[in-house]
Amino acid sequence: MSLNARELAEGLKGQTIYTLDKQSPNTVIEIKGANVTVGTNESPKGKPVALRHIQDGLDVLYADGRIRITPKTFGGYRRSSFIGAFLGTLPNIRITPAPVWVELEGRDAADSTASGEVARSGGYPEPVRSAEVDLAGVDVALDAIAARFEGCEILPMPHNNPGYDVRVRDMEGVAIAYIEIKSTASRDPVFFVSERERLFAESHADRYHLLVVTSVDVENRKGHIHWRQGALEGDNIQLAPRQWHGRLV
């Protein structure tokens with residue numbers, strides 16, 4: 001699963017970030033319901049920006065490795081400048097001159113289209129396609145989980161369930177595994193976790209599994225499986241903090 005727009009927006013609450021083209025200030029006032037309230041010079045009291053469009057931007061960025069900041073990318077949505085500013089706060093990204101693209105450093109855009117699976121329309125990333133990559137990756141993962149835990153009950157959790165995506169129970173109804181699924185069109189087993197997910201992995205290390213599906217082929221429902229068991233720490237995993245949460249006292 002990809003980064004969560006709501007969690008990231010909560011981390012930016014009270015901060016002023018700047019659009020990538022004109023460096024116009026945008027203040028994250030609050031996160032309420034399905035929107036982020038954003039204050040600008042023209043609307044200092046704030047206007048809503050839909051979290052679902054921000055999530056689209058995150059999904060495209062980490063599926064494609066890059067995203068162009070323009071209303072057309074988001075189906076004509078007129079708050080694309082704020083979405084670009086939002087994405088600009090992420091680590092390990094670079095910004096191109098106009099036309100503005102946000103790109104992941106160290107990612108070759110061609111790598112994220114290994115089988116041509118990331119669709120384009122007029123040269124722009126398709127947010128819907130990124131969601132399809134995620135869903136296809138989950139299908140691949142569920143088949144792998146069923147094979148690994150043959151004879152057990154496989155229970156997919158609701159979307160955004162805190163800490164994990166699948167619970168596995170043995171024949172006696174005892175939970176024997178909590179599995180977090182990450183899907184990507186890239187060949188590299190890269191992923192992002194929230195602090196809540198990391199802490200869950202730590203507190204349930206004896207039963208926690210991370211399953212990363214790479215090179216997701218949406219049409220054929222295929223991908224490469226990478227398993228890891230235990231807390232998200234050690235020599236065979238790399239984690240880097242995204243940001244600090246602070247408060248003035």
# chains A, B, ... in the order shown; residues from 1 in each chain; ligands from 1
>>> residues_around(residues="Glu150 of chain A", least_positions_apart="4", cutoff="12 Å", atoms="only C-alpha atoms", output="mmCIF file with N, CA and C atoms, in the first residue's frame")
data_model
loop_
_atom_site.group_PDB
_atom_site.id
_atom_site.type_symbol
_atom_site.label_atom_id
_atom_site.label_comp_id
_atom_site.auth_asym_id
_atom_site.auth_seq_id
_atom_site.Cartn_x
_atom_site.Cartn_y
_atom_site.Cartn_z
ATOM 1 N N LEU A 142 -2.344 -12.158 -2.073
ATOM 2 C CA LEU A 142 -3.286 -13.081 -1.433
ATOM 3 C C LEU A 142 -3.072 -14.517 -1.907
ATOM 4 N N ASP A 143 -2.759 -14.689 -3.188
ATOM 5 C CA ASP A 143 -2.456 -16.039 -3.686
ATOM 6 C C ASP A 143 -1.207 -16.590 -3.002
ATOM 7 N N ALA A 144 -0.192 -15.741 -2.844
ATOM 8 C CA ALA A 144 1.049 -16.172 -2.203
ATOM 9 C C ALA A 144 0.825 -16.512 -0.733
ATOM 10 N N ILE A 145 -0.013 -15.705 -0.077
ATOM 11 C CA ILE A 145 -0.312 -15.958 1.340
ATOM 12 C C ILE A 145 -1.054 -17.274 1.507
ATOM 13 N N ALA A 146 -2.037 -17.520 0.628
ATOM 14 C CA ALA A 146 -2.806 -18.767 0.705
ATOM 15 C C ALA A 146 -1.908 -19.979 0.503
ATOM 16 N N ILE A 154 -7.536 -17.107 5.809
ATOM 17 C CA ILE A 154 -6.916 -15.870 5.343
ATOM 18 C C ILE A 154 -7.969 -14.764 5.394
ATOM 19 N N VAL A 168 -3.958 -13.984 9.492
ATOM 20 C CA VAL A 168 -4.024 -15.419 9.232
ATOM 21 C C VAL A 168 -4.308 -16.145 10.538
ATOM 22 N N ARG A 169 -5.323 -17.012 10.520
ATOM 23 C CA ARG A 169 -5.672 -17.789 11.709
ATOM 24 C C ARG A 169 -5.546 -19.277 11.415
ATOM 25 N N ASP A 170 -5.090 -20.027 12.434
ATOM 26 C CA ASP A 170 -4.960 -21.475 12.257
ATOM 27 C C ASP A 170 -6.318 -22.148 12.427
ATOM 28 N N MET A 171 -6.331 -23.468 12.389
ATOM 29 C CA MET A 171 -7.591 -24.218 12.433
ATOM 30 C C MET A 171 -8.331 -24.031 13.750
#
>>> select_by_dssp(residues="segment 4-92 of chain A", states="strand (DSSP E or B)", output="PyMOL selection string")
chain A and resi 16-18+25-32+35-39+47-50+66-68
>>> write_last_selection(atoms="C-alpha atoms", output="mmCIF file, in the first residue's frame")
data_model
loop_
_atom_site.group_PDB
_atom_site.id
_atom_site.type_symbol
_atom_site.label_atom_id
_atom_site.label_comp_id
_atom_site.auth_asym_id
_atom_site.auth_seq_id
_atom_site.Cartn_x
_atom_site.Cartn_y
_atom_site.Cartn_z
ATOM 1 C CA THR A 16 3.295 26.832 5.328
ATOM 2 C CA ILE A 17 4.539 25.141 2.178
ATOM 3 C CA TYR A 18 5.181 26.720 -1.201
ATOM 4 C CA PRO A 25 2.539 30.208 0.214
ATOM 5 C CA ASN A 26 -0.039 27.577 1.164
ATOM 6 C CA THR A 27 -0.780 27.071 4.857
ATOM 7 C CA VAL A 28 -2.193 23.742 6.028
ATOM 8 C CA ILE A 29 -4.870 24.927 8.450
ATOM 9 C CA GLU A 30 -6.700 21.732 9.332
ATOM 10 C CA ILE A 31 -7.673 18.285 8.139
ATOM 11 C CA LYS A 32 -11.417 17.874 8.316
ATOM 12 C CA ASN A 35 -10.448 17.588 2.825
ATOM 13 C CA VAL A 36 -7.402 19.584 3.830
ATOM 14 C CA THR A 37 -8.194 23.240 4.500
ATOM 15 C CA VAL A 38 -5.489 25.333 2.848
ATOM 16 C CA GLY A 39 -4.958 29.072 3.326
ATOM 17 C CA LYS A 47 -10.397 26.524 1.022
ATOM 18 C CA PRO A 48 -10.722 22.730 0.833
ATOM 19 C CA VAL A 49 -8.399 20.456 -1.111
ATOM 20 C CA ALA A 50 -9.688 16.898 -1.510
ATOM 21 C CA ARG A 66 7.437 10.826 -11.346
ATOM 22 C CA ILE A 67 4.342 12.969 -11.762
ATOM 23 C CA ARG A 68 3.635 16.158 -13.693
#
>>> atom_distance(atom1="atom CA of Pro91 of chain A", atom2="atom CA of Ser194 of chain A")
13.9 Å
>>> atom_distance(atom1="atom CA of Lys22 of chain A", atom2="atom CA of Phe86 of chain A")
14.2 Å
>>> closest_atom_pairs(of="segment 127-230 of chain A", to="segment 234-237 of chain A", cutoff="12 Å", atoms="only C-alpha atoms", output="Markdown table")
| residue | atom | partner | partner_atom | distance |
| --- | --- | --- | --- | --- |
| A:Pro189 | CA | A:Ile237 | CA | 10.3 |
| A:Val190 | CA | A:Ile237 | CA | 10.1 |
| A:Phe191 | CA | A:Ile237 | CA | 10.8 |
| A:Glu202 | CA | A:Gly234 | CA | 11.7 |
| A:Leu210 | CA | A:Ile237 | CA | 11.0 |
| A:Trp227 | CA | A:Ile237 | CA | 11.6 |
| A:Arg228 | CA | A:Ile237 | CA | 9.1 |
| A:Gln229 | CA | A:Asn236 | CA | 10.9 |
| A:Gly230 | CA | A:Gly234 | CA | 9.6 |
>>> write_last_selection(atoms="N, CA and C atoms", output="PDB file, in the first residue's frame")
ATOM      1  N   PRO A 189      12.272  -3.627  -4.655  1.00  0.00           N
ATOM      2  CA  PRO A 189      11.363  -3.838  -3.513  1.00  0.00           C
ATOM      3  C   PRO A 189      11.391  -2.655  -2.545  1.00  0.00           C
ATOM      4  N   VAL A 190      10.956  -1.494  -3.039  1.00  0.00           N
ATOM      5  CA  VAL A 190      10.904  -0.291  -2.204  1.00  0.00           C
ATOM      6  C   VAL A 190       9.491  -0.116  -1.668  1.00  0.00           C
ATOM      7  N   PHE A 191       9.371   0.484  -0.521  1.00  0.00           N
ATOM      8  CA  PHE A 191       8.056   0.629   0.105  1.00  0.00           C
ATOM      9  C   PHE A 191       8.107   1.770   1.104  1.00  0.00           C
ATOM     10  N   GLU A 202       6.896  -3.871  15.237  1.00  0.00           N
ATOM     11  CA  GLU A 202       7.788  -4.038  16.391  1.00  0.00           C
ATOM     12  C   GLU A 202       7.093  -4.783  17.526  1.00  0.00           C
ATOM     13  N   LEU A 210       6.099  -8.765   6.283  1.00  0.00           N
ATOM     14  CA  LEU A 210       5.993  -7.748   5.241  1.00  0.00           C
ATOM     15  C   LEU A 210       6.104  -8.453   3.896  1.00  0.00           C
ATOM     16  N   TRP A 227       9.248 -11.673   0.646  1.00  0.00           N
ATOM     17  CA  TRP A 227       8.789 -11.863   2.019  1.00  0.00           C
ATOM     18  C   TRP A 227       9.841 -11.381   3.009  1.00  0.00           C
ATOM     19  N   ARG A 228       9.358 -10.852   4.103  1.00  0.00           N
ATOM     20  CA  ARG A 228      10.238 -10.566   5.238  1.00  0.00           C
ATOM     21  C   ARG A 228       9.445 -10.718   6.518  1.00  0.00           C
ATOM     22  N   GLN A 229      10.004 -11.423   7.496  1.00  0.00           N
ATOM     23  CA  GLN A 229       9.318 -11.658   8.757  1.00  0.00           C
ATOM     24  C   GLN A 229      10.025 -10.918   9.886  1.00  0.00           C
ATOM     25  N   GLY A 230       9.235 -10.410  10.835  1.00  0.00           N
ATOM     26  CA  GLY A 230       9.798  -9.775  12.016  1.00  0.00           C
ATOM     27  C   GLY A 230       9.706  -8.268  11.979  1.00  0.00           C
TER      28      GLY A 230
END
>>> residues_around(residues="His204 of chain A", least_positions_apart="6", cutoff="12 Å", atoms="only C-alpha atoms", output="list in words")
Gly163, Tyr164, Ala175, Ile176, Ala177, Tyr178, Ile179, Glu180, Glu197, Arg198, Leu210, Gln229, Gly230, Ala231 and Leu232 of chain A
>>> write_last_selection(atoms="N, CA and C atoms", output="PDB file, in the first residue's frame")
ATOM      1  N   GLY A 163      -1.956  -0.970  10.870  1.00  0.00           N
ATOM      2  CA  GLY A 163      -0.895  -1.915  11.188  1.00  0.00           C
ATOM      3  C   GLY A 163      -0.663  -3.039  10.209  1.00  0.00           C
ATOM      4  N   TYR A 164      -1.717  -3.566   9.587  1.00  0.00           N
ATOM      5  CA  TYR A 164      -1.527  -4.709   8.696  1.00  0.00           C
ATOM      6  C   TYR A 164      -2.736  -4.845   7.773  1.00  0.00           C
ATOM      7  N   ALA A 175      -4.703 -16.355  15.836  1.00  0.00           N
ATOM      8  CA  ALA A 175      -3.974 -15.538  14.870  1.00  0.00           C
ATOM      9  C   ALA A 175      -2.494 -15.918  14.893  1.00  0.00           C
ATOM     10  N   ILE A 176      -1.986 -16.366  13.733  1.00  0.00           N
ATOM     11  CA  ILE A 176      -0.592 -16.797  13.668  1.00  0.00           C
ATOM     12  C   ILE A 176       0.261 -15.871  12.793  1.00  0.00           C
ATOM     13  N   ALA A 177      -0.394 -14.946  12.070  1.00  0.00           N
ATOM     14  CA  ALA A 177       0.376 -14.038  11.216  1.00  0.00           C
ATOM     15  C   ALA A 177      -0.416 -12.769  10.941  1.00  0.00           C
ATOM     16  N   TYR A 178       0.305 -11.652  10.973  1.00  0.00           N
ATOM     17  CA  TYR A 178      -0.229 -10.363  10.534  1.00  0.00           C
ATOM     18  C   TYR A 178       0.644  -9.919   9.358  1.00  0.00           C
ATOM     19  N   ILE A 179       0.018  -9.659   8.225  1.00  0.00           N
ATOM     20  CA  ILE A 179       0.776  -9.416   6.999  1.00  0.00           C
ATOM     21  C   ILE A 179       0.445  -8.046   6.427  1.00  0.00           C
ATOM     22  N   GLU A 180       1.477  -7.268   6.188  1.00  0.00           N
ATOM     23  CA  GLU A 180       1.342  -5.967   5.527  1.00  0.00           C
ATOM     24  C   GLU A 180       1.773  -6.131   4.071  1.00  0.00           C
ATOM     25  N   GLU A 197       2.461   1.676  11.384  1.00  0.00           N
ATOM     26  CA  GLU A 197       2.791   0.360  10.842  1.00  0.00           C
ATOM     27  C   GLU A 197       4.114  -0.146  11.415  1.00  0.00           C
ATOM     28  N   ARG A 198       5.087   0.748  11.526  1.00  0.00           N
ATOM     29  CA  ARG A 198       6.386   0.340  12.065  1.00  0.00           C
ATOM     30  C   ARG A 198       6.259  -0.140  13.510  1.00  0.00           C
ATOM     31  N   LEU A 210       6.099  -8.765   6.283  1.00  0.00           N
ATOM     32  CA  LEU A 210       5.993  -7.748   5.241  1.00  0.00           C
ATOM     33  C   LEU A 210       6.104  -8.453   3.896  1.00  0.00           C
ATOM     34  N   GLN A 229      10.004 -11.423   7.496  1.00  0.00           N
ATOM     35  CA  GLN A 229       9.318 -11.658   8.757  1.00  0.00           C
ATOM     36  C   GLN A 229      10.025 -10.918   9.886  1.00  0.00           C
ATOM     37  N   GLY A 230       9.235 -10.410  10.835  1.00  0.00           N
ATOM     38  CA  GLY A 230       9.798  -9.775  12.016  1.00  0.00           C
ATOM     39  C   GLY A 230       9.706  -8.268  11.979  1.00  0.00           C
ATOM     40  N   ALA A 231      10.207  -7.639  13.033  1.00  0.00           N
ATOM     41  CA  ALA A 231      10.197  -6.178  13.137  1.00  0.00           C
ATOM     42  C   ALA A 231      10.981  -5.559  11.985  1.00  0.00           C
ATOM     43  N   LEU A 232      10.644  -4.316  11.655  1.00  0.00           N
ATOM     44  CA  LEU A 232      11.265  -3.644  10.516  1.00  0.00           C
ATOM     45  C   LEU A 232      12.591  -3.009  10.932  1.00  0.00           C
TER      46      LEU A 232
END
>>> closest_residue(among="A:Phe74, A:Gly137, A:Thr40, A:Leu20", to="Asp56 of chain A", atoms="only C-alpha atoms")
A:Phe74
>>> closest_residue(among="A:Ser186, A:Ser203, A:Ser81, A:Gln238", to="Ser215 of chain A", atoms="only C-alpha atoms")
A:Ser186
>>> residues_around(residues="Glu7 of chain A", least_positions_apart="4", cutoff="10 Å", atoms="only C-alpha atoms", output="PyMOL selection string")
chain A and resi 3+11-12+31+194-196
>>> write_last_selection(atoms="N, CA and C atoms", output="compact mmCIF listing (two decimals), in the first residue's frame")
# COMPACT_ATOMS: atom_id res chain seq x y z
N LEU A 3 1.82 5.48 0.64
CA LEU A 3 1.73 6.46 1.72
C LEU A 3 0.30 6.95 1.88
N GLY A 11 0.79 15.63 9.57
CA GLY A 11 2.14 16.02 9.92
C GLY A 11 2.52 17.41 9.46
N LEU A 12 1.76 17.95 8.48
CA LEU A 12 2.03 19.29 7.96
C LEU A 12 1.11 20.36 8.56
N ILE A 31 -7.21 19.43 8.91
CA ILE A 31 -7.67 18.29 8.14
C ILE A 31 -9.04 17.93 8.69
N SER A 194 4.02 3.83 7.54
CA SER A 194 3.72 4.87 8.51
C SER A 194 4.36 4.48 9.85
N GLU A 195 4.45 5.43 10.75
CA GLU A 195 4.99 5.13 12.07
C GLU A 195 4.09 4.13 12.79
N ARG A 196 2.80 4.21 12.56
CA ARG A 196 1.87 3.24 13.16
C ARG A 196 2.19 1.83 12.67
